[in-house]
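These notes concern the structure reproduced below.
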Number of protein chains: 2
Amino acid sequence: MSGDVAVLGLDFGTSGVRGLLVDAVDGAVRARAAAPYRSGAGGVLLVPNSPLLARQHPGDYIAALTSVVRTCMSEAAANGVVPDIAGIGVCATASTPIPVDGELRPLACQAAFADNLHAAAWLWKDHTAQHEADEITAAFRSAAPARIAWYGGIYSAEWYWAKILRCARIAPEVFAAAADWVELSDYVPAWLCGVFAPSQLQRNRAVAGHKAMYRADAGGWPMSILRSLEPTLPTPAGDVRDGGAQIGTLCPSAAAALGLPPDIPIATGGIDAHVSAVGAGVRPGTLVKIMGTSCCDITMGPPHVSLSPISGVSGVAPGSVAPDHDGVEAGQAAVGDLYAWAAEEHEHEALTAEAAALAPGQSGLVMLDWINGSRSPINDARLSGLVIGHTLATTRAHHYRAAIEATAFGAELILQQIEAGGVAIERIVMCGGIAERNRLVARLFADILERPIEISGVRDAGALGAAMFAAVAGGVASSIAQAQQRFAQPPIEVALPRKSEAYRQLRTLYRALHDAFGRPSGALAQIMPALAHLRETTASGANS
Amino acid sequence: MSGDVAVLGLDFGTSGVRGLLVDAVDGAVRARAAAPYRSGAGGVLLVPNSPLLARQHPGDYIAALTSVVRTCMSEAAANGVVPDIAGIGVCATASTPIPVDGELRPLACQAAFADNLHAAAWLWKDHTAQHEADEITAAFRSAAPARIAWYGGIYSAEWYWAKILRCARIAPEVFAAAADWVELSDYVPAWLCGVFAPSQLQRNRAVAGHKAMYRADAGGWPMSILRSLEPTLPTPAGDVRDGGAQIGTLCPSAAAALGLPPDIPIATGGIDAHVSAVGAGVRPGTLVKIMGTSCCDITMGPPHVSLSPISGVSGVAPGSVAPDHDGVEAGQAAVGDLYAWAAEEHEHEALTAEAAALAPGQSGLVMLDWINGSRSPINDARLSGLVIGHTLATTRAHHYRAAIEATAFGAELILQQIEAGGVAIERIVMCGGIAERNRLVARLFADILERPIEISGVRDAGALGAAMFAAVAGGVASSIAQAQQRFAQPPIEVALPRKSEAYRQLRTLYRALHDAFGRPSGALAQIMPALAHLRETTASGANS
């Protein structure tokens, strides 16, 4: 058995945890593991007839973490390697805030709140707080327009403060019992370090800056405006730290649970998308698209340059991807989810082959990619799906191709918005399972965006990025850029663009629909919010 | 074996023939039979990638006819009854014109045209002639606006002259070889009577008046305007006769083929929808909705009253439903077809139960009923499907219910258009397989139209109506009204309306979408025609 040095990266996704144990020098994979969350449907707690609600049980996080770490270590041992662990890095979905008591225990893990979904983790894709998001947007537009401009001018229903405010309104007993609300990406590192007081929390700059409007250059947390909406909103306790910083070491009790020695350096947490972008090689001029059930678009500005706010993108936040760069995040709320919906119960591989055989325009369909609401450039969770053009001869493969095309047309709007904001993009990299499994996606994106699309060679980019953070926190790499260089993988494919007159026409149709239904001034802007309202108010089940 | 008197009604539908042998005195069913057409998919000849094309092989009609008549007679014999046949009536889909030679032989049955789809019957739902329909509309709007006003101001791609003009353009060899074009509903009675010259044809007033713009009060066929588009268009030969008139008797060769004695009186043919309405009890003030793959709405004005043209309905034509009344026809191009699309491969009964359990608005969906183009009130085959509002929580049952609701909102627009045209409707009767099998349809129509909906007790209304025509032609009933009275059946259910605020709101949304995408002045009126154009021009297969 060799005793080389490795780092451990852990990615807390929507349905479970993925872990990667990699060599600290060259990033070679020593072990890989995954474990699902135990509760709900695919790890998500749902309520019938409330499609906007999505929660998770915080106890599932630690259980899955334990399983993944133990599997990684026994896999490494089975391969004859028991490496020293130089650092542990964590990334997680965001914004996924968890209400906790004064000792950082999740309320959902306490008997009094065991059956209360509002005391659980409010998963990123929970969209119940649209009304509160609208209130926050309005309050900032009125009192601090420059502050909200960093978030594309719109605060999202998916984000921290909207969810806490929603909880204050509909579950005051939970709100009152919560000493603080901790993002999942901060909760796990704190648990690993054995932090038991909110005041000792070290929150990551990405999630604080992108989801909770923290800006060190503007007084930190914007509590005074938020408190005009709800006077008892708690100020997030503790400090805010850069990605790759060491925030502590593995405490004895967590070490025992994981089967690891104590005192391993623990890195600041990070947002899964941002950390995945790091894993896939994001740098100034490179846009990384993390293609999962939804898609995140991540890039960064040049070093030591302050970007201006960018209209319609989810956020620009200092140091949120790597220290000394402004991070840029945009996204689409459904990508893989849209493909799965279009495929219905059919087999993706067969549909992909059929869809690939179609010419642009042949399906006769145009779709909007809003089945899970719209994130960028229109931030509105009340927007919903739209399909136009089906005839009695329309097939499932027609639908499937139109779904891919819709996500590409949506992606093109985001790319244009980022470049219009002064951030030039020279290179587009796709990572995530969908990019790797379905090569038609990158091909149609290349044709529609009229740019080459690289498919990243990195598997589990989130876990690899977290391992890079761990390498920096553990002192085995001098910077995130150096860790990226050492752990890099070549792309597995580069899809080159082919010009298409049909796509030029479909682009015009997509945009006409996008603007008519999505822009506040659109001719049919009332339709989707009215349908969302009807759906929510007539549902016979619980209303959240 | 008793020797009572019966009449035979035959209904030539989209996929096959249905026959009904009924007692000439009280309409009691003596035998019932059906036979499918042998060619194509469900009797329809299709071309991949040309969703607008739908043809049939004329030879299939006579083969299915023979099978149905022989089955009816042997079933009656097995029940101990060998009745005298007092008359035979026929109805058929329309407009389904067949190119024939100078001896009324279909070109498709000749070796030179055996593989030429343009020489086959152009089935009602063939939509390849939209461009020619537009030309005809434009020519009449310019030269004879009063004439086209009888057809809602728009000539349909489904109708006689559009199809013939299309054939002249794309298959000149077929057009040149055709001595005449005969509607299926005239071809079968002529075959039964042994008519072998176009000049001896006796065409039915319904199909001549509704589909080919014949008006006895305005010079008959409008050939001069039509010939401004194509100088060699043939004038339909022969005479035009009322429904229920006797046009001849069963000729010896047809009698031999059917296994019947010769010289049985043969009634004028009729359009299936119109004749079904007669079978289901249409009279002034009663609207009959024939619910099949598509829906036809049929009513009639008071006796000896000339109606004004009605904007947006397919047609007002003298004597087209019964002599001495103006017949009114409107329709929706997809009803059962839309439900089947929404159900996909799922079981209709289970979906209906789930859909029935939903509250109005709970699906969060709104749909347009244009998956097969729009017939009334917007006559445009280039319009296509639209679904808005799906989320990741949307189920198949949500879709299914939204499909039924879409057809009801569309039906409401048609009802309003008919009443705005001065034809008061006191009673709505649904017939057809869908009305009988899926009771949720009548219930949601009642709720949305805010009117009681009767489900007719008549099975095979088309064949029963044809039997009523046969009774009149054979002299065993004095009029169609008398035959209706004697053969009448009580409704099997009457769905009573329940007011719903959600449906009031959904109605507003449906109409906003209907007008935005369907009206020429609509904000998004360019979308669906552009998609249809792309679909047609990029299809790799044959273009018709």
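Labeling convention for the structure tokens: chains A, B, ... as they appear, residues from 1 per chain, ligands from 1 in order of appearance.
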Just the residues within 10 Å of B:Glu329, please, counting only C-alpha atoms, with nothing from its chain fewer than 6 positions along; format it as a PyMOL selection string.
-> chain B and resi 151+206+210+273-274+287-288+296-300+313-317+320-321+376+418
Give me a file of those residues, with all heavy atoms, as a compact mmCIF listing (two decimals), in the first residue's frame.
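Final output, result-v2.txt:
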```txt
# COMPACT_ATOMS: atom_id res chain seq x y z
N TYR B 151 -69.59 31.33 -47.03
CA TYR B 151 -68.64 30.35 -46.47
C TYR B 151 -67.77 30.98 -45.40
O TYR B 151 -66.60 30.64 -45.27
CB TYR B 151 -67.82 29.73 -47.62
CG TYR B 151 -68.75 29.17 -48.65
CD1 TYR B 151 -69.13 29.92 -49.75
CD2 TYR B 151 -69.36 27.93 -48.43
CE1 TYR B 151 -70.08 29.42 -50.65
CE2 TYR B 151 -70.30 27.44 -49.32
CZ TYR B 151 -70.66 28.20 -50.42
OH TYR B 151 -71.61 27.71 -51.29
N ALA B 206 -76.12 19.10 -50.39
CA ALA B 206 -75.27 19.44 -49.25
C ALA B 206 -73.82 19.62 -49.69
O ALA B 206 -73.19 20.64 -49.43
CB ALA B 206 -75.37 18.35 -48.18
N HIS B 210 -72.12 23.21 -49.85
CA HIS B 210 -71.16 23.57 -48.80
C HIS B 210 -69.72 23.52 -49.29
O HIS B 210 -68.89 24.31 -48.84
CB HIS B 210 -71.31 22.64 -47.59
CG HIS B 210 -72.42 23.06 -46.68
ND1 HIS B 210 -72.31 24.13 -45.82
CD2 HIS B 210 -73.67 22.58 -46.51
CE1 HIS B 210 -73.44 24.27 -45.15
NE2 HIS B 210 -74.29 23.35 -45.54
N ALA B 273 -71.59 14.37 -41.74
CA ALA B 273 -71.95 15.18 -40.58
C ALA B 273 -73.40 15.64 -40.66
O ALA B 273 -74.14 15.59 -39.65
CB ALA B 273 -71.03 16.40 -40.49
N HIS B 274 -73.82 16.08 -41.82
CA HIS B 274 -75.18 16.57 -41.98
C HIS B 274 -76.19 15.44 -41.76
O HIS B 274 -77.21 15.62 -41.11
CB HIS B 274 -75.36 17.16 -43.39
CG HIS B 274 -74.55 18.39 -43.63
ND1 HIS B 274 -75.10 19.57 -44.05
CD2 HIS B 274 -73.23 18.64 -43.48
CE1 HIS B 274 -74.13 20.48 -44.17
NE2 HIS B 274 -72.99 19.93 -43.83
N LEU B 287 -78.79 22.37 -32.17
CA LEU B 287 -77.45 22.23 -32.73
C LEU B 287 -76.97 20.82 -32.41
O LEU B 287 -76.96 20.42 -31.24
CB LEU B 287 -76.50 23.25 -32.09
CG LEU B 287 -75.03 23.19 -32.54
CD1 LEU B 287 -74.88 23.70 -33.97
CD2 LEU B 287 -74.15 24.00 -31.60
N VAL B 288 -76.58 20.08 -33.44
CA VAL B 288 -76.02 18.75 -33.20
C VAL B 288 -74.52 18.82 -33.42
O VAL B 288 -74.04 19.34 -34.43
CB VAL B 288 -76.65 17.69 -34.13
CG1 VAL B 288 -75.97 16.34 -33.93
CG2 VAL B 288 -78.14 17.57 -33.86
N CYS B 296 -68.15 18.20 -36.16
CA CYS B 296 -68.98 19.06 -37.01
C CYS B 296 -70.15 19.57 -36.19
O CYS B 296 -70.74 18.82 -35.41
CB CYS B 296 -69.49 18.29 -38.21
SG CYS B 296 -68.27 18.21 -39.51
N ASP B 297 -70.46 20.83 -36.39
CA ASP B 297 -71.61 21.45 -35.74
C ASP B 297 -72.64 21.71 -36.82
O ASP B 297 -72.36 22.45 -37.77
CB ASP B 297 -71.20 22.79 -35.12
CG ASP B 297 -70.25 22.61 -33.96
OD1 ASP B 297 -69.08 22.26 -34.21
OD2 ASP B 297 -70.67 22.82 -32.81
N ILE B 298 -73.82 21.13 -36.69
CA ILE B 298 -74.84 21.27 -37.73
C ILE B 298 -76.14 21.76 -37.11
O ILE B 298 -76.57 21.26 -36.07
CB ILE B 298 -75.11 19.90 -38.41
CG1 ILE B 298 -73.83 19.30 -38.97
CG2 ILE B 298 -76.19 20.04 -39.47
CD1 ILE B 298 -73.27 19.98 -40.19
N THR B 299 -76.74 22.77 -37.76
CA THR B 299 -78.10 23.17 -37.40
C THR B 299 -78.79 23.64 -38.68
O THR B 299 -78.22 23.54 -39.78
CB THR B 299 -78.12 24.22 -36.28
OG1 THR B 299 -79.47 24.42 -35.85
CG2 THR B 299 -77.54 25.55 -36.74
N MET B 300 -80.01 24.10 -38.53
CA MET B 300 -80.76 24.55 -39.70
C MET B 300 -81.64 25.73 -39.31
O MET B 300 -82.03 25.87 -38.14
CB MET B 300 -81.63 23.41 -40.27
CG MET B 300 -82.50 22.80 -39.22
SD MET B 300 -83.70 21.51 -39.75
CE MET B 300 -83.03 20.81 -41.17
N VAL B 313 -68.30 30.88 -39.89
CA VAL B 313 -68.74 29.48 -39.92
C VAL B 313 -68.55 28.96 -41.32
O VAL B 313 -68.54 29.70 -42.29
CB VAL B 313 -70.19 29.26 -39.40
CG1 VAL B 313 -70.45 30.02 -38.12
CG2 VAL B 313 -71.20 29.57 -40.46
N SER B 314 -68.37 27.62 -41.43
CA SER B 314 -67.94 27.06 -42.71
C SER B 314 -68.96 27.30 -43.80
O SER B 314 -68.61 27.40 -44.96
CB SER B 314 -67.69 25.56 -42.56
OG SER B 314 -67.02 25.29 -41.38
N GLY B 315 -70.25 27.33 -43.43
CA GLY B 315 -71.18 27.53 -44.53
C GLY B 315 -72.63 27.58 -44.15
O GLY B 315 -73.07 27.00 -43.15
N VAL B 316 -73.37 28.29 -44.97
CA VAL B 316 -74.83 28.33 -44.93
C VAL B 316 -75.26 27.96 -46.35
O VAL B 316 -74.83 28.61 -47.30
CB VAL B 316 -75.34 29.74 -44.57
CG1 VAL B 316 -76.86 29.81 -44.68
CG2 VAL B 316 -74.85 30.15 -43.19
N ALA B 317 -76.05 26.89 -46.49
CA ALA B 317 -76.41 26.45 -47.84
C ALA B 317 -77.85 25.97 -47.87
O ALA B 317 -78.25 25.18 -47.00
CB ALA B 317 -75.46 25.35 -48.31
N SER B 320 -79.37 22.01 -47.45
CA SER B 320 -78.23 21.10 -47.31
C SER B 320 -78.42 20.07 -46.21
O SER B 320 -77.76 19.04 -46.22
CB SER B 320 -76.95 21.89 -47.07
OG SER B 320 -76.96 22.50 -45.80
N VAL B 321 -79.31 20.34 -45.26
CA VAL B 321 -79.57 19.35 -44.22
C VAL B 321 -80.91 18.66 -44.50
O VAL B 321 -81.02 17.44 -44.46
CB VAL B 321 -79.55 20.00 -42.82
CG1 VAL B 321 -79.84 18.96 -41.74
CG2 VAL B 321 -78.21 20.68 -42.57
N SER B 376 -63.54 26.42 -37.80
CA SER B 376 -64.35 27.58 -37.42
C SER B 376 -63.86 28.08 -36.06
O SER B 376 -63.53 27.28 -35.20
CB SER B 376 -65.82 27.20 -37.28
OG SER B 376 -66.27 26.52 -38.42
N ILE B 418 -72.59 31.37 -34.46
CA ILE B 418 -73.85 30.95 -35.09
C ILE B 418 -75.00 31.81 -34.57
O ILE B 418 -75.84 32.29 -35.34
CB ILE B 418 -74.11 29.44 -34.83
CG1 ILE B 418 -73.10 28.60 -35.62
CG2 ILE B 418 -75.54 29.07 -35.19
CD1 ILE B 418 -73.17 27.11 -35.31
```
From the DSSP assignment of the backbone, select every residue of stretch 243-451 of chain B that is strand (DSSP E or B), and format the answer as a PyMOL selection string.
-> chain B and resi 246-249+265-267+270-271+286-291+295-300+315-318+326-332+366-368+371+373-374+380+386-388+427-431
Export, as a short mmCIF file (atom, residue, chain, number, x, y, z; two decimals), in the first residue's frame, the selected residues with N, CA and C atoms.
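Output below, filename out.cif:
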```cif
data_model
loop_
_atom_site.label_atom_id
_atom_site.label_comp_id
_atom_site.auth_asym_id
_atom_site.auth_seq_id
_atom_site.Cartn_x
_atom_site.Cartn_y
_atom_site.Cartn_z
N GLN B 246 -85.20 10.32 -54.49
CA GLN B 246 -84.77 9.05 -55.09
C GLN B 246 -84.05 9.37 -56.39
N ILE B 247 -82.80 8.87 -56.50
CA ILE B 247 -82.04 9.22 -57.71
C ILE B 247 -81.94 8.05 -58.68
N GLY B 248 -82.52 6.90 -58.30
CA GLY B 248 -82.45 5.75 -59.18
C GLY B 248 -82.71 4.49 -58.37
N THR B 249 -82.41 3.35 -58.96
CA THR B 249 -82.60 2.09 -58.24
C THR B 249 -81.35 1.23 -58.40
N PRO B 265 -84.88 1.32 -54.33
CA PRO B 265 -84.67 2.76 -54.49
C PRO B 265 -83.40 3.23 -53.77
N ILE B 266 -82.69 4.08 -54.47
CA ILE B 266 -81.45 4.65 -53.92
C ILE B 266 -81.68 6.14 -53.67
N ALA B 267 -81.33 6.60 -52.44
CA ALA B 267 -81.50 8.01 -52.09
C ALA B 267 -80.28 8.82 -52.54
N GLY B 270 -75.26 12.12 -49.04
CA GLY B 270 -75.22 13.26 -48.12
C GLY B 270 -73.87 13.32 -47.44
N ILE B 271 -73.58 14.47 -46.86
CA ILE B 271 -72.35 14.63 -46.08
C ILE B 271 -72.55 13.92 -44.75
N THR B 286 -82.05 23.42 -32.77
CA THR B 286 -81.21 22.34 -32.20
C THR B 286 -79.87 22.31 -32.94
N LEU B 287 -78.79 22.37 -32.17
CA LEU B 287 -77.45 22.23 -32.73
C LEU B 287 -76.97 20.82 -32.41
N VAL B 288 -76.58 20.08 -33.44
CA VAL B 288 -76.02 18.75 -33.20
C VAL B 288 -74.52 18.82 -33.42
N LYS B 289 -73.77 18.33 -32.42
CA LYS B 289 -72.31 18.27 -32.50
C LYS B 289 -71.93 16.82 -32.72
N ILE B 290 -71.32 16.54 -33.88
CA ILE B 290 -70.90 15.17 -34.17
C ILE B 290 -69.43 15.04 -33.77
N MET B 291 -69.20 14.34 -32.66
CA MET B 291 -67.89 14.30 -32.02
C MET B 291 -67.13 13.07 -32.44
N CYS B 295 -64.85 17.51 -35.13
CA CYS B 295 -66.23 17.76 -34.73
C CYS B 295 -66.92 18.60 -35.79
N CYS B 296 -68.15 18.20 -36.16
CA CYS B 296 -68.98 19.06 -37.01
C CYS B 296 -70.15 19.57 -36.19
N ASP B 297 -70.46 20.83 -36.39
CA ASP B 297 -71.61 21.45 -35.74
C ASP B 297 -72.64 21.71 -36.82
N ILE B 298 -73.82 21.13 -36.69
CA ILE B 298 -74.84 21.27 -37.73
C ILE B 298 -76.14 21.76 -37.11
N THR B 299 -76.74 22.77 -37.76
CA THR B 299 -78.10 23.17 -37.40
C THR B 299 -78.79 23.64 -38.68
N MET B 300 -80.01 24.10 -38.53
CA MET B 300 -80.76 24.55 -39.70
C MET B 300 -81.64 25.73 -39.31
N GLY B 315 -70.25 27.33 -43.43
CA GLY B 315 -71.18 27.53 -44.53
C GLY B 315 -72.63 27.58 -44.15
N VAL B 316 -73.37 28.29 -44.97
CA VAL B 316 -74.83 28.33 -44.93
C VAL B 316 -75.26 27.96 -46.35
N ALA B 317 -76.05 26.89 -46.49
CA ALA B 317 -76.41 26.45 -47.84
C ALA B 317 -77.85 25.97 -47.87
N PRO B 318 -78.62 26.44 -48.85
CA PRO B 318 -80.03 26.07 -48.93
C PRO B 318 -80.21 24.56 -49.08
N ASP B 326 -82.47 26.32 -44.69
CA ASP B 326 -81.05 26.60 -44.90
C ASP B 326 -80.24 25.80 -43.88
N GLY B 327 -79.27 25.03 -44.36
CA GLY B 327 -78.41 24.28 -43.45
C GLY B 327 -77.21 25.13 -43.02
N VAL B 328 -76.75 24.92 -41.79
CA VAL B 328 -75.60 25.66 -41.25
C VAL B 328 -74.57 24.64 -40.79
N GLU B 329 -73.34 24.80 -41.24
CA GLU B 329 -72.27 23.89 -40.84
C GLU B 329 -71.08 24.67 -40.32
N ALA B 330 -70.58 24.27 -39.15
CA ALA B 330 -69.31 24.79 -38.65
C ALA B 330 -68.53 23.59 -38.13
N GLY B 331 -67.33 23.80 -37.59
CA GLY B 331 -66.63 22.64 -37.10
C GLY B 331 -65.27 22.92 -36.49
N GLN B 332 -64.75 21.90 -35.82
CA GLN B 332 -63.40 21.93 -35.25
C GLN B 332 -62.62 20.78 -35.88
N VAL B 366 -53.34 25.87 -20.52
CA VAL B 366 -54.33 26.27 -21.52
C VAL B 366 -53.80 25.80 -22.87
N MET B 367 -54.70 25.31 -23.68
CA MET B 367 -54.34 24.71 -24.96
C MET B 367 -55.21 25.33 -26.04
N LEU B 368 -54.69 25.38 -27.26
CA LEU B 368 -55.56 25.67 -28.40
C LEU B 368 -55.84 24.35 -29.11
N ILE B 371 -54.54 21.37 -33.43
CA ILE B 371 -53.51 20.40 -33.82
C ILE B 371 -53.72 19.89 -35.25
N GLY B 373 -55.13 22.04 -37.59
CA GLY B 373 -55.58 23.29 -38.23
C GLY B 373 -56.86 23.78 -37.59
N SER B 374 -57.30 24.95 -37.98
CA SER B 374 -58.55 25.49 -37.44
C SER B 374 -59.59 25.53 -38.53
N ASP B 380 -58.12 28.14 -41.27
CA ASP B 380 -56.73 28.19 -41.71
C ASP B 380 -56.03 26.89 -41.32
N LEU B 386 -50.92 24.29 -29.73
CA LEU B 386 -50.31 25.19 -28.76
C LEU B 386 -50.66 24.69 -27.37
N VAL B 387 -49.66 24.58 -26.53
CA VAL B 387 -49.85 24.23 -25.12
C VAL B 387 -49.04 25.21 -24.31
N ILE B 388 -49.65 25.77 -23.30
CA ILE B 388 -48.95 26.71 -22.43
C ILE B 388 -49.20 26.35 -20.98
N ARG B 427 -81.02 24.10 -27.92
CA ARG B 427 -80.75 22.74 -27.46
C ARG B 427 -79.48 22.26 -28.17
N ILE B 428 -78.57 21.66 -27.40
CA ILE B 428 -77.33 21.14 -27.98
C ILE B 428 -77.28 19.63 -27.75
N VAL B 429 -77.11 18.90 -28.83
CA VAL B 429 -77.06 17.44 -28.77
C VAL B 429 -75.69 16.99 -29.26
N MET B 430 -75.04 16.13 -28.48
CA MET B 430 -73.78 15.53 -28.93
C MET B 430 -74.06 14.12 -29.39
N CYS B 431 -73.49 13.76 -30.56
CA CYS B 431 -73.50 12.35 -30.91
C CYS B 431 -72.10 11.96 -31.35
#
```
To one decimal place, how far is atom CA of B:Trp341 from atom CA of B:Leu45 in Å?
->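 Taking atom CA of B:Trp341 as the start and atom CA of B:Leu45 as the end point, the length is 19.9 Å.
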Residue with smallest distance to chain B - pool A:Phe175, A:Tyr400, A:Trp159, A:Phe517, counting only C-alpha atoms | A:Phe517
For B:Ala512, which of A:Gln526, A:Ile170, A:His131, A:Val335 is the closest residue, counting only C-alpha atoms?
-> A:Gln526
Could you give me, as an MDAnalysis selection string, the residues within 12 Å of B:Trp221, counting only C-alpha atoms and dropping anything in the same chain fewer than 2 positions from it?
-> chainID B and resid 147 160:161 205 208:219 223:227 233:240
Restricted to C-alpha atoms, what would the selected residues look like written as a PDB file, in the first residue's frame?
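Wrote selection_28.pdb, looks like this:
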```pdb
ATOM      1  CA  ARG B 147     -70.721  34.574 -52.845  1.00  0.00           C
ATOM      2  CA  TYR B 160     -63.506  20.517 -53.640  1.00  0.00           C
ATOM      3  CA  TRP B 161     -62.169  23.359 -55.800  1.00  0.00           C
ATOM      4  CA  ARG B 205     -77.207  19.537 -52.542  1.00  0.00           C
ATOM      5  CA  ALA B 208     -72.457  20.835 -53.820  1.00  0.00           C
ATOM      6  CA  GLY B 209     -73.599  23.785 -51.728  1.00  0.00           C
ATOM      7  CA  HIS B 210     -71.159  23.568 -48.804  1.00  0.00           C
ATOM      8  CA  LYS B 211     -67.984  22.367 -50.473  1.00  0.00           C
ATOM      9  CA  ALA B 212     -68.239  23.446 -54.130  1.00  0.00           C
ATOM     10  CA  MET B 213     -70.061  26.792 -53.786  1.00  0.00           C
ATOM     11  CA  TYR B 214     -73.124  25.679 -55.785  1.00  0.00           C
ATOM     12  CA  ARG B 215     -76.160  27.945 -55.326  1.00  0.00           C
ATOM     13  CA  ALA B 216     -79.247  27.445 -57.483  1.00  0.00           C
ATOM     14  CA  ASP B 217     -80.298  31.022 -56.647  1.00  0.00           C
ATOM     15  CA  ALA B 218     -77.022  32.429 -58.018  1.00  0.00           C
ATOM     16  CA  GLY B 219     -76.417  30.679 -61.324  1.00  0.00           C
ATOM     17  CA  MET B 223     -67.229  28.650 -62.943  1.00  0.00           C
ATOM     18  CA  SER B 224     -66.293  32.016 -64.407  1.00  0.00           C
ATOM     19  CA  ILE B 225     -64.430  33.174 -61.292  1.00  0.00           C
ATOM     20  CA  LEU B 226     -62.851  29.760 -60.779  1.00  0.00           C
ATOM     21  CA  ARG B 227     -61.675  29.726 -64.389  1.00  0.00           C
ATOM     22  CA  LEU B 233     -61.435  23.539 -64.575  1.00  0.00           C
ATOM     23  CA  PRO B 234     -64.317  21.197 -65.481  1.00  0.00           C
ATOM     24  CA  THR B 235     -67.924  22.178 -64.643  1.00  0.00           C
ATOM     25  CA  PRO B 236     -69.348  19.412 -62.442  1.00  0.00           C
ATOM     26  CA  ALA B 237     -71.676  17.490 -64.767  1.00  0.00           C
ATOM     27  CA  GLY B 238     -75.197  16.275 -63.991  1.00  0.00           C
ATOM     28  CA  ASP B 239     -77.901  17.596 -61.657  1.00  0.00           C
ATOM     29  CA  VAL B 240     -78.093  18.651 -57.996  1.00  0.00           C
TER      30      VAL B 240
END
```
Output the contact residues of chain A with respect to chain B at a cut-off of 9 Å, based on only C-alpha atoms, as a ChimeraX atom specification.
-> /A:48-52,334,337-338,341,358-366,370-373,383-394,502,505-506,509,512-513,516,523-524,526-528,530-540
Using DSSP on the backbone coordinates, identify the residues of stretch 232-287 of chain B assigned to alpha helix (DSSP H); present them as a CSV table (one decimal) with N, CA and C atoms, in the first residue's frame.
```
chain,number,residue,atom,x,y,z
B,252,PRO,N,-78.4,-4.1,-61.6
B,252,PRO,CA,-78.2,-5.5,-61.5
B,252,PRO,C,-76.8,-5.9,-61.1
B,253,SER,N,-75.8,-5.2,-61.6
B,253,SER,CA,-74.4,-5.6,-61.3
B,253,SER,C,-74.1,-5.2,-59.8
B,254,ALA,N,-74.5,-4.1,-59.3
B,254,ALA,CA,-74.3,-3.7,-57.9
B,254,ALA,C,-75.1,-4.7,-57.0
B,255,ALA,N,-76.3,-5.0,-57.4
B,255,ALA,CA,-77.1,-5.9,-56.7
B,255,ALA,C,-76.4,-7.3,-56.5
B,256,ALA,N,-75.8,-7.7,-57.6
B,256,ALA,CA,-75.1,-9.0,-57.5
B,256,ALA,C,-73.9,-8.9,-56.6
B,257,ALA,N,-73.2,-7.8,-56.6
B,257,ALA,CA,-72.0,-7.6,-55.8
B,257,ALA,C,-72.5,-7.6,-54.3
B,258,LEU,N,-73.6,-7.0,-54.0
B,258,LEU,CA,-74.0,-6.9,-52.6
B,258,LEU,C,-74.9,-8.0,-52.1
B,272,ASP,N,-71.6,13.1,-44.3
B,272,ASP,CA,-71.7,12.3,-43.1
B,272,ASP,C,-72.2,13.2,-41.9
B,273,ALA,N,-71.6,14.4,-41.7
B,273,ALA,CA,-72.0,15.2,-40.6
B,273,ALA,C,-73.4,15.6,-40.7
B,274,HIS,N,-73.8,16.1,-41.8
B,274,HIS,CA,-75.2,16.6,-42.0
B,274,HIS,C,-76.2,15.4,-41.8
B,275,VAL,N,-75.9,14.3,-42.3
B,275,VAL,CA,-76.8,13.2,-42.2
B,275,VAL,C,-76.8,12.6,-40.8
B,276,SER,N,-75.6,12.7,-40.1
B,276,SER,CA,-75.6,12.3,-38.7
B,276,SER,C,-76.5,13.2,-37.9
B,277,ALA,N,-76.4,14.5,-38.2
B,277,ALA,CA,-77.3,15.5,-37.5
B,277,ALA,C,-78.7,15.1,-37.7
B,278,VAL,N,-79.1,14.7,-38.9
B,278,VAL,CA,-80.5,14.3,-39.1
B,278,VAL,C,-80.8,13.0,-38.2
B,279,GLY,N,-79.8,12.1,-38.2
B,279,GLY,CA,-80.0,10.9,-37.4
B,279,GLY,C,-80.2,11.2,-35.9
```
Have a look at atom CA of B:Val282 and atom CA of B:Ala86 and let me know their distance in Å, one decimal.
-> 23.6 Å
Rank nothing, just name the residue among B:Ile453, B:Leu464, B:Val305, B:Ala525 nearest to B:Ile492, using only C-alpha atoms.
->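 The shortest atom-to-atom distance to B:Ile492 comes from B:Ile453.
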Residues within 10 Å of B:Tyr187, only C-alpha atoms, excluding chain neighbours under 4 positions, as number ranges by chain | B: 58, 61, 92, 97-98, 100, 104-106, 181-183, 191-193, 195, 201-203, 269
